[in-house]
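What follows is a short report on a single structure.
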Amino acid sequence: MGASTILPDLGTEILIPVCAIVGIAFALVQWILVSKVKLSPEKSASDSDAKNGFAESLIEEEEGINDHNVVQKCAEIQSAISEGATSFLFTEYQYVGIFMVAFAILIFVFLGSVEGFSTMSQPCTYDETKLCKPALATAVFSTISFLLGAVTSVVSGFLGMKIATYANARTTLEARKGVGKAFIIAFRSGAVMGFLLAANGLLVLYITINLFKLYYGNDWEGLFESITGYGLGGSSMALFGRVGGGIYTKAADVGADLVGKVERNIPEDDPRNPAVIADNVGDNVGDIAGMGSDLFGSYAESSCAALVVASISSFGVNHEFTAMLYPLLVSSIGILVCLITTLFATDFFEVKAVKEIEPALKNQLIISTALMTVGVALVTWIALPSSFTIFNFGAQKVVHSWQLFLCVCVGLWAGLIIGFVTEYYTSNAYSPVQDVADSCRTGAATNVIFGLALGYKSVIIPILAIAISIFVSFSFAAMYGIAVAALGMLSTIATGLAIDAYGPISDNAGGIAEMAGMSHRIRERTDALDAAGNTTAAIGKGFAIGSAALVSLALFGAFVSRAEITTVDVLTPKVFIGLLVGAMLPYWFSAMTMKSVGKAALKMVEEVRRQFNTIPGLMEGTAKPDYTNCVKISTDASIKEMIPPGALVMLTPLIVGIFFGVETLSGVLAGSLVSGVQIAISASNTGGAWDNAKKYIEAGASEHARTLGPKGSDAHKAAVIGDTVGDPLKDTSGPSLNILIKLMAVESLVFAPFFAAHGGLLFKIF
């Protein structure tokens, strides 16, 4: 059947790993460029530069601040942040490791018991005439792929954190030469993380498929069913990374802000504040490690969902290897497209002024989307037969390749729209955030009201974009269409992650500048980088949530097919009660995470107050605060508090599937998807808007902002309160919800054979 596609199977086998390796190589090149900024004071180097005639003037020299001290201080602070982040992640991974092993055993036992652990070949689920590998094999291989996904996810997060803590002080030092130089360092280090993650995810998945094929041979249905474990592993680690990291970072942030800025009137990252190191560590473990694992999970799951549906369509039945791996080919081209896109920001156009930062980051999204549209057209043309059939709830539907191309593009462009709407609602260049800032005149209450309203309003367009893309892609290619639309949204993941990781890196750079006692002008530059970073972080969250909605729906479709349900009828009581309970879960989950942040922040506030009151000379700056104690409080709190929300998400599908069966479970999945997306988008945007309203007042860049007062005015204090309330919304609850949506769906899919065979105990009794 190879003749029906232009690209031969051998071509596919070469193209995918080559793209992945190119991605990894590009990441290493960027890393080498970042490492050229030295963190040790060298006098000789600058002399030799001067002889070559291109010594870059540092602002510091004009102001006569001793250079050595500043560099030394930056290096010390950086190592403190790096150590804190590393030790936290190791502690977290120890706990998560125990969970991983326990869950792996659970997968093996549940899936193995479907046919009583027999090693005989069984008739296939979808074609009774053929023999397929036994359920025991699926159990073993699902367990292996689960562990592989989990390890890849953890490694992605860890590498991201390492790179970010490596680059933060380097960004600060580059800011002495100008805002453009600092921007490029922060952006390059973000790119390192983006490309490593995209390429690793692709490579591991590709190798896993090829190794499993050695055993499965022609039983592709079983092969791709066992691959779904990869997505489950990726997302379950992401859940703990996101929730644990989110609680850690916000406990420190809220604690530092409440005592430092509101009670003591000292600036944001003042070295006298005991929680300041914990706050900066938090950015790296929450926004970087958590985000990395999260997007890796989305990527792994959308690939898995597409592969499962394809394996029971004509690609799988006729064993067309190239067409079967279409999802992976789209991702491979995505890496190449993002590579070209990145060069636009770092090499083709140089950022010189503050006002060029946000456009440069926005152009990344536009360029990558435009180029990717061409890339997808190319892949579709060479890798798919002109028409084929897709499995659609028990029937085969004839689909043409141009329709599949449109499905991917709909997802791709919906992602861009969601990104821009998010930007409009969270950037302080536009009226929504300026209105929120304006409402601070009358105090914190009006600020909170306006902020909440903004968040709810910002849901409208993203939901319409998701709805349209679902309708279009489902009409063209059933569930497979939705899976590839999700992949389309995630195909530019390397660029998305680069602009997302850029945010926390520049946030840290600002913190380091403040702690090292650098001049006011440098702090202004890092603040400008950071305000743009807030917006890009919100865009990144928008992408993660939009893709989670599509991925979750695709997984839902695969689950329904696998569990052999032909229709999900809302009017049957079994399904309807599932819908209600499912819609409640995101609220329960948000309540847990918000309260955890509140509890941890309370401990932090007490500790910070204690240090200010008991350490003599702390406010005067003659004594040093005890940073490690605050780091320890954050670590202990987040490890303890991440377990209940995690358990809620992981156990719900198991309990519902075992006791109530697959129909109720399908209701729960639909309900959690519908309500989770709304809360996630509104929480992220509300928090982002409050944060940027505060920055808008602080920067005082426009006439309007100056009337609201300098730092310390009443309006500014109201803005700080809004920002503090928004912190857990935008960095803990909001971003963790998209994992809740995906994780429940992928877990149901992995356990579907077990639920279909043995589920619904309660209804069987009556």
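Residues in the structure tokens are numbered from 1 in each chain, the chains being A, B, ... in the order shown, and ligands are numbered from 1 in the order shown.
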
| Residues near Asp435 (chain A), cut-off 10 Å, only C-alpha atoms, skip fewer than 2 positions along chain, as a ChimeraX atom specification | /A:428,430-433,437-440,447,450-451,454,693

| query | Any idea what's packed within 9 Å of region 753-762 of chain A, counting only C-alpha atoms, ignoring anything in its chain fewer than 4 positions away? Could you give it as a list of chain:residue names? | reply |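 Counting only the stated atoms, we get A:Phe110, A:Leu111, A:Gly112, A:Ser113, A:Val114, A:Glu115, A:Ala135, A:Arg562, A:Ala563, A:Glu564, A:Leu654, A:Val656, A:Gly657, A:Ile658, A:Phe659, A:Phe660, A:Gly661, A:Val662, A:Glu663, A:Thr664, A:Ser748, A:Leu749, A:Phe766.
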
| task | Compile the contact shell of Phe612 (chain A) as a ChimeraX atom specification: residues with an atom at most 9 Å away, counting only C-alpha atoms, same-chain residues fewer than 5 positions apart removed. | result | /A:272-274,607,617-619,625

With all heavy atoms retained, could you export that selection as a PDB file, in the first residue's frame?
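Final output, saved to again_18.pdb:
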ATOM      1  N   ARG A 272      16.231  42.568  51.728  1.00  0.00           N
ATOM      2  CA  ARG A 272      15.916  42.478  53.167  1.00  0.00           C
ATOM      3  C   ARG A 272      14.730  41.548  53.420  1.00  0.00           C
ATOM      4  O   ARG A 272      14.492  41.130  54.538  1.00  0.00           O
ATOM      5  CB  ARG A 272      15.587  43.869  53.715  1.00  0.00           C
ATOM      6  CG  ARG A 272      16.784  44.806  53.723  1.00  0.00           C
ATOM      7  CD  ARG A 272      16.367  46.228  54.041  1.00  0.00           C
ATOM      8  NE  ARG A 272      15.522  46.803  52.988  1.00  0.00           N
ATOM      9  CZ  ARG A 272      15.068  48.053  53.013  1.00  0.00           C
ATOM     10  NH1 ARG A 272      15.360  48.844  54.018  1.00  0.00           N
ATOM     11  NH2 ARG A 272      14.321  48.516  52.037  1.00  0.00           N
ATOM     12  N   ASN A 273      13.962  41.251  52.365  1.00  0.00           N
ATOM     13  CA  ASN A 273      12.772  40.416  52.545  1.00  0.00           C
ATOM     14  C   ASN A 273      13.174  38.933  52.603  1.00  0.00           C
ATOM     15  O   ASN A 273      13.724  38.406  51.646  1.00  0.00           O
ATOM     16  CB  ASN A 273      11.816  40.655  51.374  1.00  0.00           C
ATOM     17  CG  ASN A 273      10.438  40.085  51.633  1.00  0.00           C
ATOM     18  OD1 ASN A 273      10.288  39.127  52.380  1.00  0.00           O
ATOM     19  ND2 ASN A 273       9.431  40.674  51.006  1.00  0.00           N
ATOM     20  N   PRO A 274      12.889  38.263  53.718  1.00  0.00           N
ATOM     21  CA  PRO A 274      13.353  36.871  53.872  1.00  0.00           C
ATOM     22  C   PRO A 274      12.782  35.907  52.820  1.00  0.00           C
ATOM     23  O   PRO A 274      13.394  34.886  52.530  1.00  0.00           O
ATOM     24  CB  PRO A 274      12.861  36.474  55.266  1.00  0.00           C
ATOM     25  CG  PRO A 274      12.544  37.754  55.956  1.00  0.00           C
ATOM     26  CD  PRO A 274      12.190  38.749  54.917  1.00  0.00           C
ATOM     27  N   GLU A 607       6.314  33.641  59.271  1.00  0.00           N
ATOM     28  CA  GLU A 607       7.776  33.509  59.318  1.00  0.00           C
ATOM     29  C   GLU A 607       8.460  34.829  58.946  1.00  0.00           C
ATOM     30  O   GLU A 607       9.399  35.273  59.606  1.00  0.00           O
ATOM     31  CB  GLU A 607       8.213  32.382  58.370  1.00  0.00           C
ATOM     32  CG  GLU A 607       9.714  32.275  58.151  1.00  0.00           C
ATOM     33  CD  GLU A 607      10.492  31.979  59.429  1.00  0.00           C
ATOM     34  OE1 GLU A 607       9.910  31.444  60.402  1.00  0.00           O
ATOM     35  OE2 GLU A 607      11.690  32.289  59.456  1.00  0.00           O
ATOM     36  N   GLY A 617      18.472  44.883  63.102  1.00  0.00           N
ATOM     37  CA  GLY A 617      19.216  45.438  61.967  1.00  0.00           C
ATOM     38  C   GLY A 617      18.774  44.925  60.611  1.00  0.00           C
ATOM     39  O   GLY A 617      19.425  45.189  59.601  1.00  0.00           O
ATOM     40  N   LEU A 618      17.666  44.169  60.557  1.00  0.00           N
ATOM     41  CA  LEU A 618      17.227  43.618  59.267  1.00  0.00           C
ATOM     42  C   LEU A 618      16.688  44.721  58.355  1.00  0.00           C
ATOM     43  O   LEU A 618      17.067  44.825  57.190  1.00  0.00           O
ATOM     44  CB  LEU A 618      16.166  42.530  59.493  1.00  0.00           C
ATOM     45  CG  LEU A 618      15.636  41.832  58.241  1.00  0.00           C
ATOM     46  CD1 LEU A 618      16.780  41.250  57.428  1.00  0.00           C
ATOM     47  CD2 LEU A 618      14.674  40.711  58.604  1.00  0.00           C
ATOM     48  N   MET A 619      15.824  45.589  58.922  1.00  0.00           N
ATOM     49  CA  MET A 619      15.248  46.663  58.112  1.00  0.00           C
ATOM     50  C   MET A 619      16.315  47.669  57.664  1.00  0.00           C
ATOM     51  O   MET A 619      16.230  48.268  56.600  1.00  0.00           O
ATOM     52  CB  MET A 619      14.149  47.415  58.879  1.00  0.00           C
ATOM     53  CG  MET A 619      12.754  46.826  58.772  1.00  0.00           C
ATOM     54  SD  MET A 619      12.175  46.565  57.091  1.00  0.00           S
ATOM     55  CE  MET A 619      11.614  48.205  56.647  1.00  0.00           C
ATOM     56  N   PRO A 625      18.772  38.347  56.330  1.00  0.00           N
ATOM     57  CA  PRO A 625      17.644  37.493  56.735  1.00  0.00           C
ATOM     58  C   PRO A 625      17.974  36.008  56.546  1.00  0.00           C
ATOM     59  O   PRO A 625      18.959  35.672  55.889  1.00  0.00           O
ATOM     60  CB  PRO A 625      16.525  37.920  55.786  1.00  0.00           C
ATOM     61  CG  PRO A 625      17.226  38.445  54.592  1.00  0.00           C
ATOM     62  CD  PRO A 625      18.520  39.030  55.056  1.00  0.00           C
TER      63      PRO A 625
END

| task | Would you mind listing what lies within 7 Å of region 283-287 of chain A as a PyMOL selection string, with only C-alpha atoms counted and same-chain residues fewer than 3 positions away left out? | result | chain A and resi 85+161+164+242+245-246+249+279-280+290-291+504

| query | Could you name the residues that touch Pro8 (chain A) at 12 Å or less, counting only C-alpha atoms, but leaving out those on the same chain fewer than 2 positions away, as JSON, numbers by chain? | reply | {"A": [1, 2, 3, 4, 5, 6, 10, 11, 12, 13, 14, 15, 320, 321, 322, 323, 325, 382, 383, 384, 385]}

| request: For CA of Gly292 (chain A) and CA of Ser684 (chain A), determine how far apart the two atoms are, in Å to one decimal place. | output: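 Rounded to one decimal, the two atoms are 17.0 Å apart.
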
| said: Report, in Å to a single decimal, how far apart CA of Ser82 (chain A) and CA of Asp636 (chain A) are. | reply: 17.8 Å

| Neighbour list for Ala689 (chain A) as a PyMOL selection string, cut-off 12 Å, only C-alpha atoms, skip fewer than 4 positions in-chain | chain A and resi 422-437+447-448+450-456+458+531+534-535+537-538+682-685+693-696+719-720+722-727+729-730

| query | By how many Å are CA of Val204 (chain A) and CA of Leu148 (chain A) apart? | reply |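 About the pair CA of Val204 (chain A) and CA of Leu148 (chain A): they are 8.0 Å apart.
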
| task | May I have the residues within 7 Å of Ala715 (chain A) as a list in words, using only C-alpha atoms and disregarding those fewer than 6 positions away in the same chain? | result |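 Contacts, with the query itself left out: Cys440, Arg441, Gly443, Leu708 and Gly709 of chain A.
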
Region 276-310 of chain A residues near region 482-490 of chain A within 10 Å, closest pair each, using only C-alpha atoms, as a tab-separated table:
residue	atom	partner	partner_atom	distance
A:Leu295	CA	A:Leu490	CA	8.3
A:Phe296	CA	A:Leu490	CA	9.6
A:Ser298	CA	A:Leu490	CA	7.9
A:Tyr299	CA	A:Leu490	CA	6.4
A:Ala300	CA	A:Leu487	CA	9.5
A:Glu301	CA	A:Ala483	CA	9.1
A:Ser302	CA	A:Ala483	CA	5.7
A:Ser303	CA	A:Leu487	CA	6.9
A:Cys304	CA	A:Ala483	CA	8.7
A:Ala305	CA	A:Ala483	CA	6.0
A:Ala306	CA	A:Ala483	CA	5.0
A:Leu307	CA	A:Ala483	CA	8.8
A:Val308	CA	A:Ala483	CA	9.8
A:Val309	CA	A:Ala483	CA	8.6
A:Ala310	CA	A:Ala483	CA	10.0

| request: Would you please work out which residue, of A:Leu159, A:Leu555, A:Ile247, A:Ile577, is nearest to Ala601 (chain A) when using only C-alpha atoms? | output: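 Result for the nearest residue to Ala601 (chain A): A:Ile247.
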
| said: Among region 264-492 of chain A, which residues does DSSP mark as strand (DSSP E or B) when it is run on the backbone? Keep the chain and numbering as in the structure and answer as a PyMOL selection string. | reply: chain A and resi 387-392+395-400

| Which of these, A:Leu580, A:Leu197, A:Ile697, A:Val677, has the shortest distance to Lys742 (chain A) once you count only C-alpha atoms? |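 Using only C-alpha atoms, the shortest distance to Lys742 (chain A) belongs to A:Val677.
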
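Among the candidates A:Ile468, A:Ala353, A:Ile765, A:Ala544, the residue lying nearest to Pro735 (chain A) is A:Ala544 (atoms considered: only C-alpha atoms).
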
| task | Go through A:Phe474, A:Tyr502, A:Phe393, A:Phe99 and flag the residue nearest Ile565 (chain A), using only C-alpha atoms for the distances. | result |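 Among A:Phe474, A:Tyr502, A:Phe393, A:Phe99, it is A:Phe393 that comes nearest to Ile565 (chain A).
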